[in-house]
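File shown: final.cif. Contents: mmCIF, C-alpha atoms and all ligand atoms.
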data_run
loop_
_atom_site.label_atom_id
_atom_site.label_comp_id
_atom_site.auth_asym_id
_atom_site.auth_seq_id
_atom_site.Cartn_x
_atom_site.Cartn_y
_atom_site.Cartn_z
CA MET A 1 -0.49 -8.34 11.45
CA ARG A 2 -3.48 -7.13 9.45
CA LYS A 3 -5.21 -10.49 9.70
CA GLU A 4 -5.15 -10.39 13.50
CA PHE A 5 -7.91 -7.81 13.80
CA ASP A 6 -10.95 -6.55 11.92
CA SER A 7 -11.42 -3.17 13.59
CA ILE A 8 -9.70 -0.58 15.81
CA ILE A 9 -10.84 0.86 19.13
CA PHE A 10 -9.06 4.01 20.29
CA ASP A 11 -8.61 5.55 23.68
CA MET A 12 -9.25 9.27 23.13
CA ASP A 13 -6.82 11.29 25.26
CA GLY A 14 -3.14 10.71 24.63
CA VAL A 15 -3.92 8.74 21.47
CA LEU A 16 -6.30 10.67 19.20
CA VAL A 17 -6.27 13.91 21.17
CA ASP A 18 -3.45 15.85 22.83
CA GLU A 19 -4.75 16.63 26.32
CA SER A 20 -1.54 18.14 27.70
CA ARG A 21 -2.91 21.72 27.53
CA SER A 22 -6.47 20.74 28.47
CA TYR A 23 -7.24 17.92 30.94
CA ARG A 24 -3.68 17.64 32.26
CA LEU A 25 -3.49 21.39 32.81
CA ALA A 26 -6.97 21.39 34.39
CA ILE A 27 -5.73 18.89 37.01
CA GLU A 28 -2.73 21.09 37.87
CA MET A 29 -4.79 24.31 38.07
CA THR A 30 -7.56 22.62 40.10
CA VAL A 31 -5.18 21.14 42.68
CA ASN A 32 -3.21 24.37 43.07
CA ASN A 33 -6.38 26.48 43.32
CA PHE A 34 -7.86 24.21 45.99
CA LEU A 35 -4.62 24.01 48.01
CA ALA A 36 -4.11 27.79 47.93
CA LYS A 37 -7.69 28.42 49.04
CA ASN A 38 -7.27 25.96 51.88
CA GLY A 39 -4.05 27.40 53.20
CA THR A 40 -1.45 25.01 51.73
CA LYS A 41 1.50 26.71 50.06
CA THR A 42 2.72 23.61 48.15
CA LYS A 43 2.11 23.64 44.41
CA ILE A 44 2.08 20.63 42.12
CA THR A 45 3.45 20.38 38.57
CA GLN A 46 2.82 18.18 35.53
CA GLU A 47 5.37 15.73 36.95
CA ASP A 48 3.03 15.03 39.91
CA VAL A 49 0.15 14.47 37.48
CA ARG A 50 2.23 12.06 35.41
CA ILE A 51 3.22 10.03 38.48
CA ILE A 52 -0.39 9.57 39.66
CA LYS A 53 -1.52 8.67 36.14
CA SER A 54 1.08 5.90 36.01
CA PHE A 55 -0.73 3.97 38.80
CA PRO A 56 -3.48 1.54 37.80
CA GLY A 57 -6.96 2.83 38.67
CA PHE A 58 -6.30 6.54 38.08
CA ASN A 59 -7.89 7.03 34.73
CA ASN A 60 -10.46 9.56 35.93
CA ASP A 61 -9.04 13.10 36.15
CA TRP A 62 -11.42 14.17 38.94
CA ASP A 63 -10.04 11.22 40.96
CA VAL A 64 -6.48 12.27 40.09
CA SER A 65 -7.14 15.83 41.30
CA PHE A 66 -8.80 14.56 44.49
CA VAL A 67 -5.98 12.15 45.29
CA LEU A 68 -3.24 14.72 44.68
CA ILE A 69 -4.94 17.15 47.06
CA ASP A 70 -5.34 14.39 49.64
CA LEU A 71 -1.67 13.36 49.38
CA ILE A 72 -0.35 16.92 49.63
CA GLN A 73 -2.66 17.73 52.56
CA ARG A 74 -1.32 14.63 54.34
CA GLY A 75 2.21 15.99 53.83
CA LYS A 76 3.31 13.46 51.19
CA ASP A 77 5.46 14.25 48.18
CA LYS A 78 6.47 12.70 44.87
CA GLN A 79 8.94 10.29 46.46
CA ASN A 80 6.35 8.54 48.62
CA TYR A 81 3.12 8.79 46.59
CA SER A 82 3.34 5.07 45.86
CA ASP A 83 3.35 4.16 49.58
CA ASP A 84 0.30 6.23 50.37
CA ILE A 85 -1.93 6.28 47.33
CA ARG A 86 -5.45 4.89 47.78
CA LEU A 87 -8.06 4.28 45.11
CA VAL A 88 -11.02 6.66 45.24
CA THR A 89 -14.07 4.71 46.35
CA PRO A 90 -17.61 5.41 45.06
CA SER A 91 -18.60 6.72 48.50
CA ARG A 92 -15.73 9.26 48.55
CA ARG A 93 -16.90 10.52 45.16
CA LYS A 94 -20.13 11.64 46.86
CA THR A 95 -18.39 13.75 49.52
CA LYS A 96 -18.68 17.53 49.58
CA LYS A 97 -14.91 17.83 49.15
CA TYR A 98 -14.84 15.64 46.03
CA LEU A 99 -17.80 17.46 44.46
CA GLY A 100 -16.19 20.83 45.23
CA ILE A 101 -12.95 19.74 43.53
CA LYS A 102 -14.91 18.46 40.52
CA ASP A 103 -16.68 21.85 40.23
CA ILE A 104 -13.34 23.69 40.15
CA PHE A 105 -12.03 21.26 37.53
CA GLN A 106 -15.13 21.62 35.35
CA SER A 107 -15.01 25.42 35.65
CA TYR A 108 -11.49 25.45 34.18
CA TYR A 109 -12.03 22.71 31.62
CA LEU A 110 -15.40 23.77 30.27
CA GLY A 111 -15.17 27.55 30.71
CA GLU A 112 -18.02 29.73 31.89
CA LYS A 113 -20.44 29.32 28.98
CA LEU A 114 -20.26 25.54 28.57
CA PHE A 115 -20.38 24.99 32.34
CA LYS A 116 -23.66 26.92 32.54
CA GLU A 117 -25.07 24.98 29.60
CA ILE A 118 -24.20 21.59 31.05
CA TYR A 119 -24.96 22.15 34.74
CA ASN A 120 -27.60 24.90 34.59
CA ARG A 121 -25.81 26.98 37.21
CA PRO A 122 -22.85 29.36 37.26
CA PRO A 123 -19.32 27.91 37.54
CA VAL A 124 -17.48 28.19 40.86
CA ILE A 125 -14.61 29.98 39.11
CA PHE A 126 -15.22 32.38 36.25
CA TYR A 127 -12.81 31.19 33.61
CA ALA A 128 -13.84 32.58 30.25
CA ARG A 129 -11.95 30.46 27.73
CA GLY A 130 -12.34 26.84 28.75
CA LEU A 131 -9.27 24.60 28.53
CA ASN A 132 -11.30 22.22 26.34
CA LEU A 133 -10.55 24.61 23.47
CA ASN A 134 -6.87 23.60 23.80
CA ASP A 135 -7.63 20.01 22.82
CA SER A 136 -5.76 19.30 19.58
CA LEU A 137 -5.35 16.36 17.25
CA LEU A 138 -2.48 14.01 18.11
CA ILE A 139 -2.98 11.53 15.29
CA ASP A 140 -2.37 12.69 11.70
CA LYS A 141 -5.65 13.40 9.94
CA ALA A 142 -4.36 11.56 6.84
CA LEU A 143 -3.55 8.44 8.87
CA LEU A 144 -6.94 8.43 10.61
CA THR A 145 -8.63 8.91 7.22
CA ALA A 146 -6.70 5.97 5.76
CA LEU A 147 -7.59 3.78 8.74
CA ALA A 148 -11.26 4.79 8.46
CA SER A 149 -11.33 3.62 4.86
CA LYS A 150 -10.03 0.16 5.84
CA TYR A 151 -11.48 -0.58 9.26
CA LYS A 152 -14.46 0.11 11.46
CA LEU A 153 -13.25 2.59 14.07
CA GLY A 154 -14.54 3.19 17.59
CA ILE A 155 -13.59 5.08 20.77
CA ALA A 156 -13.61 3.96 24.43
CA THR A 157 -13.08 7.02 26.61
CA SER A 158 -13.58 7.98 30.25
CA ARG A 159 -14.66 11.46 29.21
CA PRO A 160 -18.23 12.43 29.99
CA ARG A 161 -20.20 11.98 26.76
CA LEU A 162 -20.76 15.70 26.10
CA GLU A 163 -17.05 16.46 26.51
CA ALA A 164 -16.08 13.59 24.20
CA LEU A 165 -18.53 14.72 21.52
CA PHE A 166 -17.65 18.41 21.86
CA THR A 167 -13.97 17.77 21.12
CA ALA A 168 -14.55 15.01 18.56
CA ARG A 169 -16.79 17.35 16.56
CA ASN A 170 -14.46 20.34 17.00
CA LEU A 171 -11.54 18.32 15.63
CA LYS A 172 -13.74 16.79 12.90
CA ILE A 173 -13.13 13.23 14.09
CA THR A 174 -16.89 12.71 14.20
CA PRO A 175 -19.07 12.28 12.34
CA GLN A 176 -16.65 12.40 9.37
CA LEU A 177 -14.29 9.56 10.38
CA ILE A 178 -15.86 7.79 13.35
CA LYS A 179 -19.58 7.22 13.92
CA GLU A 180 -20.83 8.90 17.08
CA GLU A 181 -22.67 5.74 18.17
CA PHE A 182 -19.27 4.03 18.22
CA ILE A 183 -18.07 6.36 20.98
CA VAL A 184 -18.46 4.81 24.42
CA ALA A 185 -18.06 7.47 27.11
CA LYS A 186 -18.15 7.54 30.91
CA GLU A 187 -21.95 7.18 31.14
CA ASP A 188 -22.14 4.35 28.60
CA ALA A 189 -20.48 1.58 30.62
CA ALA A 190 -21.01 0.39 34.19
CA ARG A 191 -17.34 0.49 35.18
CA GLU A 192 -14.39 2.56 33.91
CA LYS A 193 -11.08 1.27 32.60
CA PRO A 194 -9.08 -0.69 33.81
CA GLU A 195 -12.27 -2.77 33.82
CA PRO A 196 -13.09 -4.12 30.35
CA ASP A 197 -16.68 -2.77 30.22
CA PRO A 198 -16.12 0.25 27.91
CA LEU A 199 -14.11 -1.81 25.41
CA LEU A 200 -16.67 -4.61 25.34
CA GLU A 201 -19.50 -2.09 24.89
CA VAL A 202 -17.83 -0.51 21.83
CA LYS A 203 -17.14 -3.96 20.39
CA LYS A 204 -20.83 -4.83 20.78
CA ARG A 205 -22.01 -1.56 19.20
CA MET A 206 -19.62 -1.95 16.28
CA GLY A 207 -20.68 -5.55 15.74
CA VAL A 208 -17.09 -6.69 15.23
CA LEU A 209 -15.25 -9.86 16.24
CA THR A 210 -11.55 -9.11 16.65
CA PRO A 211 -10.80 -5.47 17.46
CA ILE A 212 -7.38 -4.19 18.49
CA TYR A 213 -7.27 -1.51 21.20
CA ILE A 214 -4.89 1.46 21.29
CA GLY A 215 -4.23 3.31 24.57
CA ASP A 216 -1.59 5.29 26.41
CA THR A 217 -1.81 4.23 30.08
CA ILE A 218 -1.52 1.08 32.17
CA ASN A 219 -5.31 1.19 32.62
CA ASP A 220 -5.79 0.82 28.87
CA VAL A 221 -3.50 -2.21 28.68
CA ILE A 222 -5.19 -3.93 31.65
CA ALA A 223 -8.67 -3.23 30.21
CA ALA A 224 -7.66 -4.74 26.86
CA GLN A 225 -6.25 -7.85 28.56
CA LYS A 226 -9.47 -8.29 30.55
CA ALA A 227 -11.53 -7.81 27.38
CA GLY A 228 -9.43 -10.42 25.56
CA MET A 229 -8.22 -7.93 22.95
CA PRO A 230 -4.69 -7.33 21.67
CA SER A 231 -3.40 -3.85 22.48
CA ILE A 232 -1.02 -1.23 21.21
CA PHE A 233 0.56 0.93 23.89
CA ILE A 234 1.54 4.49 23.03
CA GLY A 235 4.27 5.69 25.39
CA GLU A 236 7.76 5.09 26.70
CA LYS A 237 7.06 1.97 28.77
CA ASN A 238 7.17 -1.53 27.40
CA LEU A 239 3.48 -2.40 27.79
CA GLY A 240 0.85 -4.03 25.58
CA ASP A 241 1.33 -6.39 22.62
CA TYR A 242 2.91 -3.65 20.51
CA GLN A 243 4.50 -0.44 21.71
CA PHE A 244 5.20 2.88 19.97
CA THR A 245 6.32 6.20 21.41
CA ASN A 246 4.21 8.12 18.88
CA VAL A 247 0.72 7.22 17.69
CA ASN A 248 1.60 8.09 14.10
CA LYS A 249 4.07 5.19 14.04
CA ILE A 250 1.24 2.64 14.24
CA GLN A 251 1.01 2.72 10.45
CA GLU A 252 4.13 0.54 10.45
CA ILE A 253 1.99 -2.39 11.56
CA ILE A 254 -1.61 -1.61 10.73
CA LEU A 255 -1.76 0.07 7.34
MG MG B 1 -5.51 8.11 27.46
#
Let me see the file written as structure tokens.
Ligand SMILES: [Mg+2]
Amino acid sequence: MRKEFDSIIFDMDGVLVDESRSYRLAIEMTVNNFLAKNGTKTKITQEDVRIIKSFPGFNNDWDVSFVLIDLIQRGKDKQNYSDDIRLVTPSRRKTKKYLGIKDIFQSYYLGEKLFKEIYNRPPVIFYARGLNLNDSLLIDKALLTALASKYKLGIATSRPRLEALFTARNLKITPQLIKEEFIVAKEDAAREKPEPDPLLEVKKRMGVLTPIYIGDTINDVIAAQKAGMPSIFIGEKNLGDYQFTNVNKIQEIIL
């Protein structure tokens, strides 16, 4: 196995970082806040979030929030999401509704102080302790340290760059174990996963030939296929070239 690759590219959330109490919770709180304010009594749960995230093309959490609100407002529920789900087009991302939903999301995720710093205006909801502070390490520090001593490591994430760096520094992933120039974030590639652009951009920056990519959604596996890279899927489904339910099991094949 070791000979098959010369470097490792990680997806960030669900692989290096546990986002269940941060981004995933921000989606739930955003959707429920918006629905309540707009007169819909229905509330979503983490199960709804998981279902949307299992469809290709829903890697972006602002899109996931937008689509869940749209589905609920059109009277759909879990059982028929798959019949009615539509990809969020670039033009819909410019609508007042989408931007309003994004502002709610960012208010919860960033918290009041960081929101003001990033956007130079007050948040739309005053939420003191941003959910970003709930980000925690999913991969064992010792395993990541061992991998860093053997391979060049990079990250391809759909997080905005500031949010990726904020958490990577907080959790001491960068600059100690992964170089910050080897993080490709939302702004650094023309198209998001499941397109291969972010993975190919990291590969170029790292100057490597045969990276392996590790991700936790269908979008990660499709992006790796399109980039011509082998992939390790972290999750319950049988996807990718190798599959583990827990990221810390990857040492069985790559250490
Ligand atoms: Mg992920």
Length of the atom CA of A:Val247 to atom CA of A:Pro230 vector [Å]:
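Distance between the two atoms: 16.0 Å.
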Identify the residues within 10 Å of coordinate (-11.6, 26.7, 48.6) (same frame as the file), considering all atoms listed in the file, and give the answer as a PyMOL selection string.
chain A and resi 33-39+97+100-101+104+124
Among listed residues A:Ala223, A:Ile250, A:Met12, A:Ala156, nearest A:Ile173 (using only C-alpha atoms):
A:Met12
Non-local contacts of stretch 224-229 of chain A (8 Å; all atoms listed in the file; under 6 positions in same chain excluded) as a PyMOL selection string
chain A and resi 195-197+199-200+210-213
Could you tell me, counting only C-alpha atoms and all ligand atoms, which protein and nucleic acid residues lie no more than 6 Å from ligand MG 1 (chain B), written as an mmCIF file with C-alpha atoms, keeping the file's coordinate frame?
data_model
loop_
_atom_site.group_PDB
_atom_site.id
_atom_site.type_symbol
_atom_site.label_atom_id
_atom_site.label_comp_id
_atom_site.auth_asym_id
_atom_site.auth_seq_id
_atom_site.Cartn_x
_atom_site.Cartn_y
_atom_site.Cartn_z
ATOM 1 C CA ASP A 11 -8.610 5.550 23.680
ATOM 2 C CA MET A 12 -9.250 9.270 23.130
ATOM 3 C CA ASP A 13 -6.820 11.290 25.260
ATOM 4 C CA GLY A 14 -3.140 10.710 24.630
ATOM 5 C CA GLY A 215 -4.230 3.310 24.570
ATOM 6 C CA ASP A 216 -1.590 5.290 26.410
ATOM 7 C CA THR A 217 -1.810 4.230 30.080
#
Show which residues sit within 12 Å of A:Lys150, as a compact mmCIF listing (two decimals) with C-alpha atoms, in the coordinates of the input. Count all atoms listed in the file, and ignore same-chain residues fewer than 3 positions away.
# COMPACT_ATOMS: atom_id res chain seq x y z
CA ARG A 2 -3.48 -7.13 9.45
CA PHE A 5 -7.91 -7.81 13.80
CA ASP A 6 -10.95 -6.55 11.92
CA SER A 7 -11.42 -3.17 13.59
CA ILE A 8 -9.70 -0.58 15.81
CA LEU A 143 -3.55 8.44 8.87
CA LEU A 144 -6.94 8.43 10.61
CA THR A 145 -8.63 8.91 7.22
CA ALA A 146 -6.70 5.97 5.76
CA LEU A 147 -7.59 3.78 8.74
CA LEU A 153 -13.25 2.59 14.07
CA LEU A 177 -14.29 9.56 10.38
CA ILE A 254 -1.61 -1.61 10.73
CA LEU A 255 -1.76 0.07 7.34
When you count only C-alpha atoms, which of these residues is closest to A:Asn248: A:Ala142, A:Ile125, A:Val64, A:Ala190?
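The closest residue to A:Asn248 is A:Ala142.
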Between atom CA of A:Asn219 and atom CA of A:Asn246 - distance in Å to one decimal:
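These two atoms are separated by 18.1 Å.
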Just want the 10 Å neighbourhood of stretch 74-83 of chain A, counted on all atoms listed in the file, with same-chain residues fewer than 2 positions away dropped. Output as a PDB file with C-alpha atoms, in the frame of the given file.
ATOM      1  CA  THR A  40      -1.450  25.010  51.730  1.00  0.00           C
ATOM      2  CA  THR A  42       2.720  23.610  48.150  1.00  0.00           C
ATOM      3  CA  ILE A  44       2.080  20.630  42.120  1.00  0.00           C
ATOM      4  CA  GLU A  47       5.370  15.730  36.950  1.00  0.00           C
ATOM      5  CA  ASP A  48       3.030  15.030  39.910  1.00  0.00           C
ATOM      6  CA  VAL A  49       0.150  14.470  37.480  1.00  0.00           C
ATOM      7  CA  ILE A  51       3.220  10.030  38.480  1.00  0.00           C
ATOM      8  CA  ILE A  52      -0.390   9.570  39.660  1.00  0.00           C
ATOM      9  CA  PHE A  55      -0.730   3.970  38.800  1.00  0.00           C
ATOM     10  CA  VAL A  67      -5.980  12.150  45.290  1.00  0.00           C
ATOM     11  CA  LEU A  68      -3.240  14.720  44.680  1.00  0.00           C
ATOM     12  CA  ILE A  69      -4.940  17.150  47.060  1.00  0.00           C
ATOM     13  CA  ASP A  70      -5.340  14.390  49.640  1.00  0.00           C
ATOM     14  CA  LEU A  71      -1.670  13.360  49.380  1.00  0.00           C
ATOM     15  CA  ILE A  72      -0.350  16.920  49.630  1.00  0.00           C
ATOM     16  CA  ILE A  85      -1.930   6.280  47.330  1.00  0.00           C
ATOM     17  CA  ARG A  86      -5.450   4.890  47.780  1.00  0.00           C
TER      18      ARG A  86
END
Can you tell me which residues surround A:Tyr108 at a distance of at most 10 Å, considering only C-alpha atoms, apart from same-chain residues fewer than 3 positions away, and format the answer as number ranges by chain?
A: 22-23, 25-27, 29-30, 103-105, 111-112, 115, 123-132
I'd like the interatomic distance between atom CA of A:Ser107 and atom CA of A:Arg121, to a tenth of an Å.
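One can read the atom CA of A:Ser107 to atom CA of A:Arg121 distance as 11.0 Å.
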Padding of 5 Å on every side, edges along x, y and z, all listed atoms of stretch 51-66 of chain A included: what centre and edge lengths in Å, to one decimal, does that box have, as JSON?
{"center_x": -4.1, "center_y": 8.7, "center_z": 39.6, "size_x": 24.6, "size_y": 24.3, "size_z": 19.8}
For a quick check of understanding, using only C-alpha atoms, which of A:Phe244, A:Asp220, A:Phe166, A:Ile253 has the smallest distance to A:Lys53?
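Among the listed residues, the smallest separation from A:Lys53 belongs to A:Asp220.
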Ranking A:Lys116, A:Gly207, A:Thr157, A:Ser149 by minimum distance to A:Val17 and counting all atoms listed in the file, which one comes first?
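Of the candidates, the smallest distance to A:Val17 is held by A:Thr157.
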Nearby residues (all atoms listed in the file) at most 9 Å from A:Phe182, same-chain spacing under 3 positions excluded, as a ChimeraX atom specification:
/A:153-156,178-179,202-203,205-206
